[in-house]
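Colleague: One file is attached below, target03.txt, containing compact mmCIF, C-alpha atoms.
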# COMPACT_ATOMS: atom_id res chain seq x y z
CA MET A 19 0.00 0.00 0.00
CA ILE A 20 1.27 3.49 -0.84
CA ASN A 21 1.34 5.60 2.31
CA ASP A 22 0.69 9.22 1.43
CA ARG A 23 -0.21 10.10 5.01
CA PHE A 24 3.30 9.77 6.41
CA LYS A 25 6.70 11.03 5.28
CA ILE A 26 10.26 10.98 6.58
CA ASP A 27 12.75 13.71 5.68
CA ILE A 28 16.39 13.51 6.69
CA ALA A 29 18.37 16.74 6.76
CA THR A 30 21.64 17.93 8.24
CA GLU A 31 21.44 20.82 10.72
CA ASP A 32 24.58 22.17 12.39
CA GLY A 33 26.46 19.09 11.27
CA VAL A 34 23.92 16.71 12.83
CA GLN A 35 21.67 14.48 10.74
CA LYS A 36 18.07 14.91 11.86
CA VAL A 37 15.00 12.85 11.04
CA PHE A 38 11.82 14.84 10.49
CA LEU A 39 8.65 12.74 10.85
CA ARG A 40 5.63 14.28 9.12
CA GLY A 41 1.95 13.33 9.05
CA ASN A 42 0.12 10.37 10.57
CA ILE A 43 1.96 7.45 12.13
CA ASP A 44 -0.08 4.28 11.81
CA GLU A 45 0.35 0.61 10.85
CA ASP A 46 1.59 1.62 7.39
CA ALA A 47 4.45 3.82 8.64
CA ASP A 48 7.87 2.49 7.67
CA PHE A 49 10.96 3.63 9.60
CA GLU A 50 13.57 1.50 7.79
CA SER A 51 15.26 4.51 6.15
CA ILE A 52 16.17 5.91 9.58
CA LYS A 53 18.39 2.92 10.34
CA LYS A 54 20.90 4.05 7.69
CA ILE A 55 21.88 7.08 9.76
CA THR A 56 25.23 6.81 11.47
CA GLY A 57 25.83 8.19 14.95
CA ALA A 58 23.10 9.53 17.20
CA ILE A 59 19.56 9.43 15.81
CA VAL A 60 17.81 12.75 16.35
CA ILE A 61 14.06 12.55 15.76
CA ASN A 62 12.08 15.73 15.23
CA PHE A 63 8.35 15.17 15.93
CA LYS A 64 7.14 18.73 15.26
CA ASP A 65 5.05 17.83 12.21
CA VAL A 66 3.48 14.60 13.46
CA LYS A 67 -0.28 15.08 13.19
CA SER A 68 -1.52 11.85 14.74
CA ILE A 69 -0.39 8.45 15.96
CA ASN A 70 -2.56 5.39 16.55
CA SER A 71 -2.00 2.26 18.62
CA CYS A 72 -0.55 0.29 15.69
CA GLY A 73 1.72 3.23 14.89
CA ILE A 74 2.96 3.12 18.47
CA ARG A 75 3.70 -0.59 18.12
CA THR A 76 5.56 -0.01 14.85
CA TRP A 77 7.66 2.72 16.50
CA VAL A 78 8.39 0.61 19.60
CA ASN A 79 9.49 -2.29 17.37
CA PHE A 80 11.73 0.13 15.47
CA LEU A 81 13.31 1.25 18.75
CA LYS A 82 14.00 -2.41 19.58
CA ASP A 83 15.74 -2.79 16.21
CA ILE A 84 18.10 0.08 17.02
CA THR A 85 18.80 -0.93 20.63
CA GLY A 86 22.17 0.45 21.73
CA ARG A 87 22.04 3.52 19.49
CA GLN A 88 21.75 6.96 21.03
CA VAL A 89 18.26 8.35 20.31
CA VAL A 90 17.18 11.94 20.87
CA TYR A 91 13.59 13.26 20.65
CA GLU A 92 13.17 16.96 19.91
CA GLU A 93 10.25 19.35 19.40
CA CYS A 94 7.70 16.88 20.75
CA PRO A 95 4.13 18.22 20.37
CA PRO A 96 1.42 17.31 22.93
CA ILE A 97 0.26 14.40 20.78
CA ILE A 98 3.69 12.76 21.22
CA VAL A 99 4.05 13.77 24.88
CA ARG A 100 0.75 11.99 25.63
CA GLN A 101 2.09 8.78 24.08
CA MET A 102 5.36 9.02 26.05
CA ASN A 103 3.26 9.24 29.21
CA MET A 104 0.75 6.53 28.29
CA VAL A 105 3.13 3.99 26.75
CA PRO A 106 6.58 4.21 28.39
CA SER A 107 8.19 1.97 25.74
CA PHE A 108 7.34 4.67 23.17
CA LEU A 109 10.07 6.72 24.84
CA GLY A 110 12.40 3.79 25.42
CA THR A 111 15.88 5.03 26.30
CA ALA A 112 15.57 8.20 24.22
CA LYS A 113 16.60 11.56 25.63
CA VAL A 114 14.04 14.35 25.18
CA THR A 115 15.66 17.70 24.46
CA SER A 116 12.59 19.87 23.83
CA VAL A 117 8.79 19.73 23.97
CA TYR A 118 5.92 22.00 22.98
CA VAL A 119 3.75 23.09 25.90
CA PRO A 120 0.15 24.24 25.27
CA TYR A 121 -1.06 27.60 26.57
CA VAL A 122 -4.57 28.98 26.27
CA SER A 123 -6.35 32.25 26.98
CA ASP A 124 -9.55 31.83 28.98
CA GLU A 125 -10.71 35.21 27.73
CA THR A 126 -10.20 34.84 23.99
CA ASP A 127 -9.73 31.06 23.61
CA GLU A 128 -6.48 31.81 21.78
CA GLU A 129 -4.20 28.75 21.80
CA LYS A 130 -0.45 28.61 21.46
CA LEU A 131 2.27 25.94 21.62
CA VAL A 132 5.51 27.15 23.18
CA LEU A 133 8.77 25.22 22.76
CA PHE A 134 10.82 24.63 25.91
CA GLY A 135 14.24 23.02 26.17
CA ALA A 136 15.09 20.25 28.62
CA ASP A 137 16.57 22.75 31.09
CA LYS A 138 12.95 23.65 31.95
CA PHE A 139 11.80 20.10 32.74
CA THR A 140 13.72 17.46 34.65
CA ALA A 141 12.71 14.56 36.87
CA ALA A 142 13.37 16.88 39.81
CA GLY A 143 10.74 19.35 38.62
CA PHE A 144 9.91 21.97 36.02
CA THR A 145 10.40 25.69 35.77
CA LEU A 146 7.85 26.70 33.18
CA PRO A 147 6.00 30.00 33.33
CA GLU A 148 2.42 29.52 34.57
CA THR A 149 1.36 32.29 32.20
CA ILE A 150 2.71 33.93 29.06
CA ASP A 151 1.65 36.98 27.08
CA GLY A 152 -0.84 36.27 24.30
CA ASP A 153 -0.33 37.43 20.73
CA GLY A 154 -3.63 39.27 20.54
CA ASP A 155 -5.33 41.65 22.93
CA GLY A 156 -6.44 38.86 25.22
CA GLY A 157 -3.75 39.45 27.80
CA GLU A 158 -2.28 36.49 29.60
CA MET A 159 -2.41 32.89 28.45
CA GLU A 160 -2.18 30.11 31.01
CA LEU A 161 -0.66 26.67 30.86
CA ASP A 162 -3.33 24.35 29.42
CA GLY A 163 -3.00 21.26 31.56
CA ASN A 164 -1.42 19.83 34.66
CA PRO A 165 2.38 20.08 34.33
CA GLN A 166 2.86 17.16 36.76
CA GLN A 167 0.91 14.95 34.36
CA TYR A 168 2.35 16.49 31.20
CA PHE A 169 5.94 15.91 32.28
CA ALA A 170 5.36 12.50 33.88
CA PHE A 171 7.66 11.03 31.22
CA THR A 172 10.67 12.74 32.81
CA LYS A 173 10.49 10.23 35.69
CA LYS A 174 10.93 7.45 33.13
CA MET A 175 13.81 9.31 31.48
CA ALA A 176 15.60 9.57 34.82
CA ALA A 177 15.11 5.89 35.70
CA MET B 12 -8.26 4.66 47.39
CA ALA B 13 -10.81 6.22 49.77
CA LYS B 14 -14.54 5.94 50.35
CA VAL B 15 -15.23 3.11 47.96
CA ALA B 16 -18.78 1.79 47.87
CA LYS B 17 -19.51 -1.48 46.12
CA LYS B 18 -22.70 -3.11 44.93
CA GLN B 19 -22.66 -6.87 45.21
CA ARG B 20 -25.00 -9.54 43.90
CA ALA B 21 -25.14 -13.15 45.03
CA GLN B 22 -24.69 -14.64 41.57
CA GLU B 23 -22.33 -12.10 40.03
CA GLY B 24 -20.14 -10.84 42.88
CA ILE B 25 -19.27 -7.14 42.81
CA VAL B 26 -21.02 -5.48 39.87
CA ALA B 27 -20.39 -1.80 40.60
CA ALA B 28 -17.96 0.37 42.52
CA VAL B 29 -17.93 4.09 43.21
CA GLY B 30 -15.32 6.22 44.95
CA ILE B 31 -12.23 8.25 44.23
CA PHE B 32 -10.00 6.30 41.86
CA THR B 33 -7.11 6.93 39.57
CA LYS B 34 -7.59 5.44 36.10
CA ALA B 35 -5.13 2.68 37.04
CA GLN B 36 -7.12 1.84 40.18
CA ALA B 37 -10.35 1.82 38.17
CA ALA B 38 -8.76 -0.46 35.58
CA LYS B 39 -7.77 -2.87 38.35
CA GLN B 40 -11.42 -3.05 39.39
CA VAL B 41 -12.43 -3.81 35.81
CA ALA B 42 -9.70 -6.43 35.52
CA GLU B 43 -11.17 -8.07 38.63
CA GLY B 44 -14.58 -8.30 36.95
CA VAL B 45 -16.37 -5.11 38.03
CA ARG B 46 -18.44 -3.93 35.07
CA HIS B 47 -19.40 -0.52 36.44
CA VAL B 48 -16.69 1.69 37.95
CA HIS B 49 -17.38 5.32 38.79
CA CYS B 50 -15.04 7.99 40.08
CA SER B 51 -16.96 10.80 41.72
CA GLU B 52 -16.60 12.92 44.83
CA LEU B 53 -20.35 12.48 45.29
CA GLY B 54 -19.82 8.78 45.91
CA SER B 55 -22.96 6.66 45.80
CA LYS B 56 -25.05 9.83 45.37
CA ASP B 57 -23.48 10.53 42.00
CA PRO B 58 -26.36 10.73 39.49
CA ILE B 59 -24.52 8.70 36.86
CA TYR B 60 -23.86 5.96 39.42
CA VAL B 61 -27.49 6.06 40.59
CA ALA B 62 -28.68 5.70 36.99
CA THR B 63 -26.28 2.78 36.51
CA LEU B 64 -27.50 0.87 39.58
CA SER B 65 -31.10 1.44 38.57
CA SER B 66 -30.41 0.11 35.08
CA THR B 67 -28.51 -2.96 36.26
CA GLU B 68 -31.63 -3.96 38.22
CA LYS B 69 -33.71 -3.57 35.06
CA GLU B 70 -30.92 -4.93 32.82
CA THR B 71 -31.38 -2.10 30.35
CA PRO B 72 -28.56 0.40 29.74
CA PRO B 73 -29.48 3.93 30.87
CA ARG B 74 -29.21 7.11 28.88
CA TYR B 75 -26.61 9.04 30.82
CA LEU B 76 -26.53 12.77 31.50
CA TRP B 77 -23.60 13.17 29.13
CA GLU B 78 -25.38 11.50 26.20
CA PRO B 79 -26.89 14.18 24.01
CA SER B 80 -30.63 14.12 23.58
CA LEU B 81 -30.33 16.75 20.88
CA LYS B 82 -28.92 16.54 17.40
CA THR B 83 -25.77 14.58 16.66
CA THR B 84 -23.90 14.37 13.39
CA GLU B 85 -23.94 10.83 11.99
CA VAL B 86 -21.89 9.06 9.36
CA ALA B 87 -21.66 5.44 8.20
CA VAL B 88 -18.26 3.98 7.32
CA THR B 89 -17.73 0.97 5.04
CA GLN B 90 -14.21 1.64 3.68
CA SER B 91 -11.26 1.40 6.06
CA ALA B 92 -9.36 3.98 4.01
CA ASP B 93 -12.12 6.53 4.63
CA ARG B 94 -11.65 6.47 8.37
CA HIS B 95 -8.88 9.07 8.21
CA GLU B 96 -11.29 11.64 6.77
CA ILE B 97 -14.23 11.01 9.09
CA PHE B 98 -13.11 13.24 11.94
CA ASP B 99 -12.54 16.21 9.65
CA GLN B 100 -16.03 15.67 8.22
CA LEU B 101 -17.56 15.58 11.68
CA ILE B 102 -15.84 18.65 13.08
CA SER B 103 -16.50 20.63 9.91
CA LYS B 104 -20.21 20.37 10.75
CA SER B 105 -19.75 21.41 14.37
CA VAL B 106 -20.93 24.88 15.30
CA VAL B 107 -18.76 24.81 18.42
CA GLU B 108 -15.05 25.43 17.96
CA ILE B 109 -13.17 22.54 19.57
CA LYS B 110 -9.91 23.35 21.36
CA ARG B 111 -6.73 21.80 19.99
CA GLN B 112 -6.07 19.42 22.89
CA LEU B 113 -9.66 18.20 22.95
CA ARG B 114 -9.69 17.87 19.16
CA GLU B 115 -6.55 15.72 19.25
CA LYS B 116 -8.00 13.50 21.97
CA VAL B 117 -11.30 13.02 20.15
CA GLY B 118 -9.43 12.27 16.92
CA MET B 119 -7.35 9.61 18.66
CA VAL B 120 -10.37 8.02 20.36
CA LEU B 121 -12.31 7.96 17.09
CA GLU B 122 -9.38 6.35 15.25
CA GLU B 123 -9.06 3.59 17.87
CA LEU B 124 -12.78 2.88 18.09
CA LEU B 125 -13.23 2.93 14.30
CA SER B 126 -10.20 0.70 13.72
CA ASN B 127 -11.46 -1.78 16.31
CA ALA B 128 -14.91 -1.81 14.73
CA ILE B 129 -13.70 -2.17 11.13
CA PHE B 130 -10.80 -4.60 11.58
CA HIS B 131 -11.67 -6.59 14.70
CA ALA B 132 -15.46 -6.65 15.26
CA PHE B 133 -16.37 -9.07 12.49
CA HIS B 134 -15.50 -12.72 12.95
CA SER B 135 -15.87 -15.72 10.66
CA ASP B 136 -15.18 -19.31 11.73
CA GLY B 137 -13.88 -18.01 15.05
CA LYS B 138 -11.28 -15.75 13.44
CA GLU B 139 -11.20 -12.07 12.58
CA LYS B 140 -12.77 -11.67 9.16
CA TYR B 141 -10.72 -8.68 8.01
CA SER B 142 -6.99 -8.02 8.06
CA ARG B 143 -5.37 -4.86 9.30
CA SER B 144 -2.73 -5.15 6.60
CA SER B 145 -5.12 -4.52 3.70
CA ASP B 146 -7.83 -2.05 2.74
CA VAL B 147 -11.20 -3.32 3.94
CA SER B 148 -14.61 -2.84 2.33
CA LEU B 149 -17.36 -3.73 4.76
CA LYS B 150 -20.66 -5.05 3.41
CA SER B 151 -23.58 -2.65 3.65
CA ASN B 152 -25.03 -4.57 6.62
CA GLU B 153 -21.65 -4.26 8.37
CA ALA B 154 -21.40 -0.47 8.06
CA VAL B 155 -19.89 1.10 11.17
CA LYS B 156 -21.93 4.05 12.42
CA VAL B 157 -20.45 7.10 14.08
CA ARG B 158 -22.38 9.75 16.02
CA PHE B 159 -20.73 12.95 17.22
CA ALA B 160 -21.68 16.12 19.05
CA ALA B 161 -19.52 18.93 20.39
CA THR B 162 -20.41 21.34 23.19
CA GLU B 163 -18.54 23.98 25.15
CA ASP B 164 -17.87 21.39 27.87
CA GLY B 165 -16.69 18.47 25.78
CA CYS B 166 -17.47 16.05 22.98
CA PHE B 167 -19.77 13.06 22.66
CA LEU B 168 -18.69 10.23 20.40
CA GLU B 169 -20.41 6.93 19.64
CA VAL B 170 -19.21 4.11 17.38
CA SER B 171 -21.41 1.10 16.72
CA ASP B 172 -20.75 -2.09 14.80
CA THR B 173 -22.89 -5.09 13.89
CA GLY B 174 -20.23 -7.64 14.78
CA GLY B 175 -20.97 -7.64 18.51
CA THR B 176 -17.75 -9.37 19.53
CA LEU B 177 -16.28 -6.98 22.11
CA SER B 178 -16.51 -9.07 25.28
CA PHE B 179 -16.06 -7.80 28.81
CA GLY B 180 -13.33 -10.40 29.26
CA SER B 181 -11.27 -9.00 26.40
CA ILE B 182 -11.52 -5.47 27.83
CA ALA B 183 -10.59 -6.67 31.32
CA GLU B 184 -7.62 -8.59 29.91
CA SER B 185 -6.47 -5.61 27.86
CA LEU B 186 -6.65 -3.19 30.80
CA LYS B 187 -4.89 -5.66 33.08
CA ARG B 188 -2.04 -6.09 30.58
CA CYS B 189 -1.65 -2.37 29.90
CA TYR B 190 -1.82 -1.15 33.50
CA GLN B 191 -0.34 -4.04 35.45
CA SER B 192 2.37 -5.58 33.30
CA ASP B 193 5.43 -4.41 31.41
CA ALA B 194 4.13 -6.02 28.21
CA GLN B 195 1.64 -3.35 27.18
CA ILE B 196 1.93 -4.04 23.48
CA GLN B 197 0.83 -7.29 21.85
CA ALA B 198 3.16 -8.75 19.25
CA LYS B 199 0.34 -10.38 17.24
CA GLU B 200 -0.26 -9.43 13.63
CA SER B 201 -3.62 -7.71 14.09
CA GLY B 202 -4.11 -4.95 16.69
CA ALA B 203 -1.48 -3.70 19.08
CA GLY B 204 -3.85 -4.37 22.00
CA LEU B 205 -3.50 -0.78 23.15
CA GLY B 206 -6.68 0.75 21.72
CA ILE B 207 -9.08 0.17 24.60
CA TYR B 208 -6.41 1.23 27.09
CA MET B 209 -5.76 4.47 25.20
CA VAL B 210 -9.50 5.17 25.02
CA PHE B 211 -9.98 4.34 28.73
CA GLU B 212 -7.09 6.66 29.65
CA THR B 213 -8.39 9.52 27.52
CA VAL B 214 -12.17 9.67 27.91
CA SER B 215 -14.17 10.88 30.91
CA HIS B 216 -17.13 8.53 30.58
CA LEU B 217 -17.17 5.26 28.66
CA LYS B 218 -20.24 3.12 28.05
CA ILE B 219 -20.13 -0.17 26.18
CA VAL B 220 -23.29 -2.03 25.26
CA ASN B 221 -22.75 -5.45 23.75
CA GLU B 222 -25.30 -7.81 22.24
CA PRO B 223 -23.15 -10.83 21.35
CA ASN B 224 -22.86 -11.39 17.60
CA LYS B 225 -25.42 -8.65 16.95
CA ARG B 226 -23.90 -5.30 17.84
CA THR B 227 -21.53 -3.36 20.04
CA VAL B 228 -22.17 0.29 20.78
CA ILE B 229 -19.37 2.26 22.43
CA SER B 230 -20.25 5.76 23.50
CA CYS B 231 -18.06 8.18 25.35
CA TRP B 232 -17.80 11.68 26.70
CA ILE B 233 -14.49 13.48 26.43
CA ALA B 234 -14.62 16.45 28.75
CA ASP B 235 -12.83 19.69 28.10
CA ARG B 236 -10.09 19.98 30.70
CA ARG B 237 -11.54 23.20 31.97
CA SER B 238 -15.09 21.93 32.36
CA GLU B 239 -16.61 21.22 35.77
CA ASN B 240 -15.22 18.21 37.68
CA PRO B 241 -12.80 17.08 34.96
CA LYS B 242 -11.55 14.29 37.23
CA ASN B 243 -14.92 12.51 37.32
CA PHE B 244 -15.04 9.46 35.12
CA SER B 245 -16.99 6.27 34.67
CA PHE B 246 -16.73 2.92 32.92
CA ASN B 247 -19.83 0.87 32.23
CA TYR B 248 -20.18 -2.41 30.36
CA PHE B 249 -23.68 -3.74 29.69
CA GLY B 250 -24.67 -7.08 28.20
CA GLY B 251 -22.56 -9.94 26.93
CA LYS B 252 -22.75 -12.07 30.06
CA GLY B 253 -19.79 -14.36 30.64
CA LYS B 254 -16.22 -13.87 29.52
Let me see the structure of the file written as structure tokens.
Modeller:
Amino acid sequence: MINDRFKIDIATEDGVQKVFLRGNIDEDADFESIKKITGAIVINFKDVKSINSCGIRTWVNFLKDITGRQVVYEECPPIIVRQMNMVPSFLGTAKVTSVYVPYVSDETDEEKLVLFGADKFTAAGFTLPETIDGDGDGGEMELDGNPQQYFAFTKKMAA
Amino acid sequence: MAKVAKKQRAQEGIVAAVGIFTKAQAAKQVAEGVRHVHCSELGSKDPIYVATLSSTEKETPPRYLWEPSLKTTEVAVTQSADRHEIFDQLISKSVVEIKRQLREKVGMVLEELLSNAIFHAFHSDGKEKYSRSSDVSLKSNEAVKVRFAATEDGCFLEVSDTGGTLSFGSIAESLKRCYQSDAQIQAKESGAGLGIYMVFETVSHLKIVNEPNKRTVISCWIADRRSENPKNFSFNYFGGKGK
């Protein structure tokens, strides 16, 4: 079956080869091309739109195939963070260097994803701003969710 | 776990439990055979729990407070390839704008419920009739029906199939594996065995009505995080006696 819902792009940024996953990860997703990369495998999840249970299994099986390699997750959107929390093997031994955190304005319903580096979230705790300035005239936006739950995966990373 | 009330019957053991649970604690109850598990600060006075107990006496599933009595958008699905477009179709008809996080959760729940219904609900000679590794065209009498409604407080979603093979035992086994063992994911060729767990983790209220070999109707309420009492949840399985 041709899979036009999922795409992998590999590009070099600052001398590091990065894997950009784009679209919907499901049972038809194929990660074979990633195995050709030498050195650390840096996965950028920014453009992942959805992932289903069979996509999770496919990814976890891929991680098993590359056991022993250094794996880094970057720019993880909430959809990926939820999987890391729900299915610990989705994270495996990967190191997470940045995640998007959702903020929302109660006044205007404006929504925004803000990227934070790993210095803001560790197993010991998190130092995220409770509120940020909105883009519009709505004033402050507040963190949309419980940070304890959102960053539960950091406990697994530290283990 | 505090203030847990349980309803017991001589023949069936504990049929319902209400109290303050985490999802993992609730799943443990289900894995032990409890078909109705409610998390509510109101305890046994919770109206959803009261409606459940009343219905288990009558053996007819209740219409819960979270089930819309007003208009829902409905679609029928017969092609597995179409399932990726269904959610966009449904939300395009919604007059309420659904927040990103809620939209993503509803999309995930719909995908899992639809996949289960299309690929795993229909059996022939004791085996699953359709394969996950190929495009599936259901017969017209096998069409999977989806109902959807969005409000300011959350979304209602219902997926029904005419296979009627989702047993309580399979749900209990799935939740036990996903919450209580390190082997969350099944290695078998068909499903990953995670779908029901992901749905259970994500939704606020889950109601499953099963008429063996006739139909399964799964309806759920996915509350907006900022709605009232977002921690309240319930699981209810009706019908399909035995494992």
Colleague: Compute the chain A side of the contact with chain B at 7 Å, counting only C-alpha atoms, and hand it back as number ranges by chain.
Modeller: A: 70-72, 75
Colleague: Would you list the contacts of range 25-35 of chain B as a list in words, taking every protein, DNA or RNA residue within 8 Å and counting all atoms listed in the file, but skipping same-chain residues closer than 6 positions in sequence?
Modeller: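 Final neighbour list, sorted by chain and number: Met12, Ala13, Lys14, Val15, Ala16, Lys17, Lys18, Gln19, Gly44, Val45, Arg46, His47, Val48, His49, Cys50, Ser51, Glu52, Gly54, Ser55, Tyr60, Leu64, Tyr190, Phe211 and Glu212 of chain B.
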Colleague: Figure out the distance between CA of Gln167 in chain A and CA of Pro120 in chain A, please, to one decimal in Å.
Modeller: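 Computing it gives 13.0 Å between the two atoms.
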Colleague: Just want the 8 Å neighbourhood of Tyr91 in chain A, counted on all atoms listed in the file, with same-chain residues fewer than 6 positions away dropped. Output as a ChimeraX atom specification.
Modeller: /A:60-63,112-116
Colleague: Ranking B:Val228, B:Val107, B:Val210, B:Ile59 by minimum distance to Ser185 in chain B and counting all atoms listed in the file, which one comes first?
Modeller: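 Closest to Ser185 in chain B of all the choices is B:Val210.
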Colleague: Within 12 Å of (13.8, 23.7, 27.0) (file coordinates; only C-alpha atoms), which protein or nucleic acid residues are there? I'd like them as a VMD selection string.
Modeller: chain A and resid 92 to 94 114 to 119 132 to 140 144 to 147
Colleague: Excluding same-chain residues fewer than 2 positions from Gly175 in chain B, what lies within 8 Å of it counting only C-alpha atoms, as a list in words?
Modeller: Ala132, Phe133, Asp172, Thr173, Leu177, Asn221, Glu222, Pro223, Asn224, Lys225, Arg226 and Thr227 of chain B
Colleague: Grab the CA of Ala141 in chain A to CA of Ser192 in chain B distance for me, in Å with one decimal place.
Modeller: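 CA of Ala141 in chain A sits 22.9 Å away from CA of Ser192 in chain B.
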Colleague: What is the CA of Phe80 in chain A to CA of Ile26 in chain A distance in Å?
Modeller: 14.1 Å
Colleague: What's the 10 Å shell around Asp93 in chain B, counting only C-alpha atoms, without same-chain residues fewer than 5 positions away, as a count of residues only?
Modeller: 5
Colleague: List as a list in words the protein and nucleic acid residues near Ala47 in chain A, meaning an atom at most 7 Å away when only C-alpha atoms are counted, but skip any in the same chain fewer than 3 places from it.
Modeller: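 Skipping anything fewer than 3 positions along the chain leaves Phe24, Ile43, Asp44 and Gly73 of chain A.
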Colleague: Using only C-alpha atoms, find the one residue out of B:Ala183, B:Leu53, B:Ala92, B:Cys166 that sits nearest to Glu78 in chain B.
Modeller: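 With only C-alpha atoms as the atom set, the closest residue is B:Cys166.
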Colleague: Using only C-alpha atoms, pick whichever of B:Val86, B:Ile229, B:Val106, B:Leu149 has the shortest atom-to-atom distance to Asn247 in chain B.
Modeller: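 Residue with the minimum atom-to-atom distance to Asn247 in chain B: B:Ile229.
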Colleague: Should you be able to, write range 70-135 of chain A of this structure into a file that contains C-alpha atoms, as a CSV table (one decimal), in the first residue's frame.
Modeller:
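Output file selection-v9.csv follows:
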chain,number,residue,atom,x,y,z
A,70,ASN,CA,-2.6,5.4,16.6
A,71,SER,CA,-2.0,2.3,18.6
A,72,CYS,CA,-0.5,0.3,15.7
A,73,GLY,CA,1.7,3.2,14.9
A,74,ILE,CA,3.0,3.1,18.5
A,75,ARG,CA,3.7,-0.6,18.1
A,76,THR,CA,5.6,0.0,14.8
A,77,TRP,CA,7.7,2.7,16.5
A,78,VAL,CA,8.4,0.6,19.6
A,79,ASN,CA,9.5,-2.3,17.4
A,80,PHE,CA,11.7,0.1,15.5
A,81,LEU,CA,13.3,1.3,18.8
A,82,LYS,CA,14.0,-2.4,19.6
A,83,ASP,CA,15.7,-2.8,16.2
A,84,ILE,CA,18.1,0.1,17.0
A,85,THR,CA,18.8,-0.9,20.6
A,86,GLY,CA,22.2,0.4,21.7
A,87,ARG,CA,22.0,3.5,19.5
A,88,GLN,CA,21.7,7.0,21.0
A,89,VAL,CA,18.3,8.3,20.3
A,90,VAL,CA,17.2,11.9,20.9
A,91,TYR,CA,13.6,13.3,20.6
A,92,GLU,CA,13.2,17.0,19.9
A,93,GLU,CA,10.2,19.4,19.4
A,94,CYS,CA,7.7,16.9,20.8
A,95,PRO,CA,4.1,18.2,20.4
A,96,PRO,CA,1.4,17.3,22.9
A,97,ILE,CA,0.3,14.4,20.8
A,98,ILE,CA,3.7,12.8,21.2
A,99,VAL,CA,4.1,13.8,24.9
A,100,ARG,CA,0.8,12.0,25.6
A,101,GLN,CA,2.1,8.8,24.1
A,102,MET,CA,5.4,9.0,26.0
A,103,ASN,CA,3.3,9.2,29.2
A,104,MET,CA,0.8,6.5,28.3
A,105,VAL,CA,3.1,4.0,26.7
A,106,PRO,CA,6.6,4.2,28.4
A,107,SER,CA,8.2,2.0,25.7
A,108,PHE,CA,7.3,4.7,23.2
A,109,LEU,CA,10.1,6.7,24.8
A,110,GLY,CA,12.4,3.8,25.4
A,111,THR,CA,15.9,5.0,26.3
A,112,ALA,CA,15.6,8.2,24.2
A,113,LYS,CA,16.6,11.6,25.6
A,114,VAL,CA,14.0,14.3,25.2
A,115,THR,CA,15.7,17.7,24.5
A,116,SER,CA,12.6,19.9,23.8
A,117,VAL,CA,8.8,19.7,24.0
A,118,TYR,CA,5.9,22.0,23.0
A,119,VAL,CA,3.8,23.1,25.9
A,120,PRO,CA,0.2,24.2,25.3
A,121,TYR,CA,-1.1,27.6,26.6
A,122,VAL,CA,-4.6,29.0,26.3
A,123,SER,CA,-6.3,32.3,27.0
A,124,ASP,CA,-9.5,31.8,29.0
A,125,GLU,CA,-10.7,35.2,27.7
A,126,THR,CA,-10.2,34.8,24.0
A,127,ASP,CA,-9.7,31.1,23.6
A,128,GLU,CA,-6.5,31.8,21.8
A,129,GLU,CA,-4.2,28.8,21.8
A,130,LYS,CA,-0.4,28.6,21.5
A,131,LEU,CA,2.3,25.9,21.6
A,132,VAL,CA,5.5,27.1,23.2
A,133,LEU,CA,8.8,25.2,22.8
A,134,PHE,CA,10.8,24.6,25.9
A,135,GLY,CA,14.2,23.0,26.2
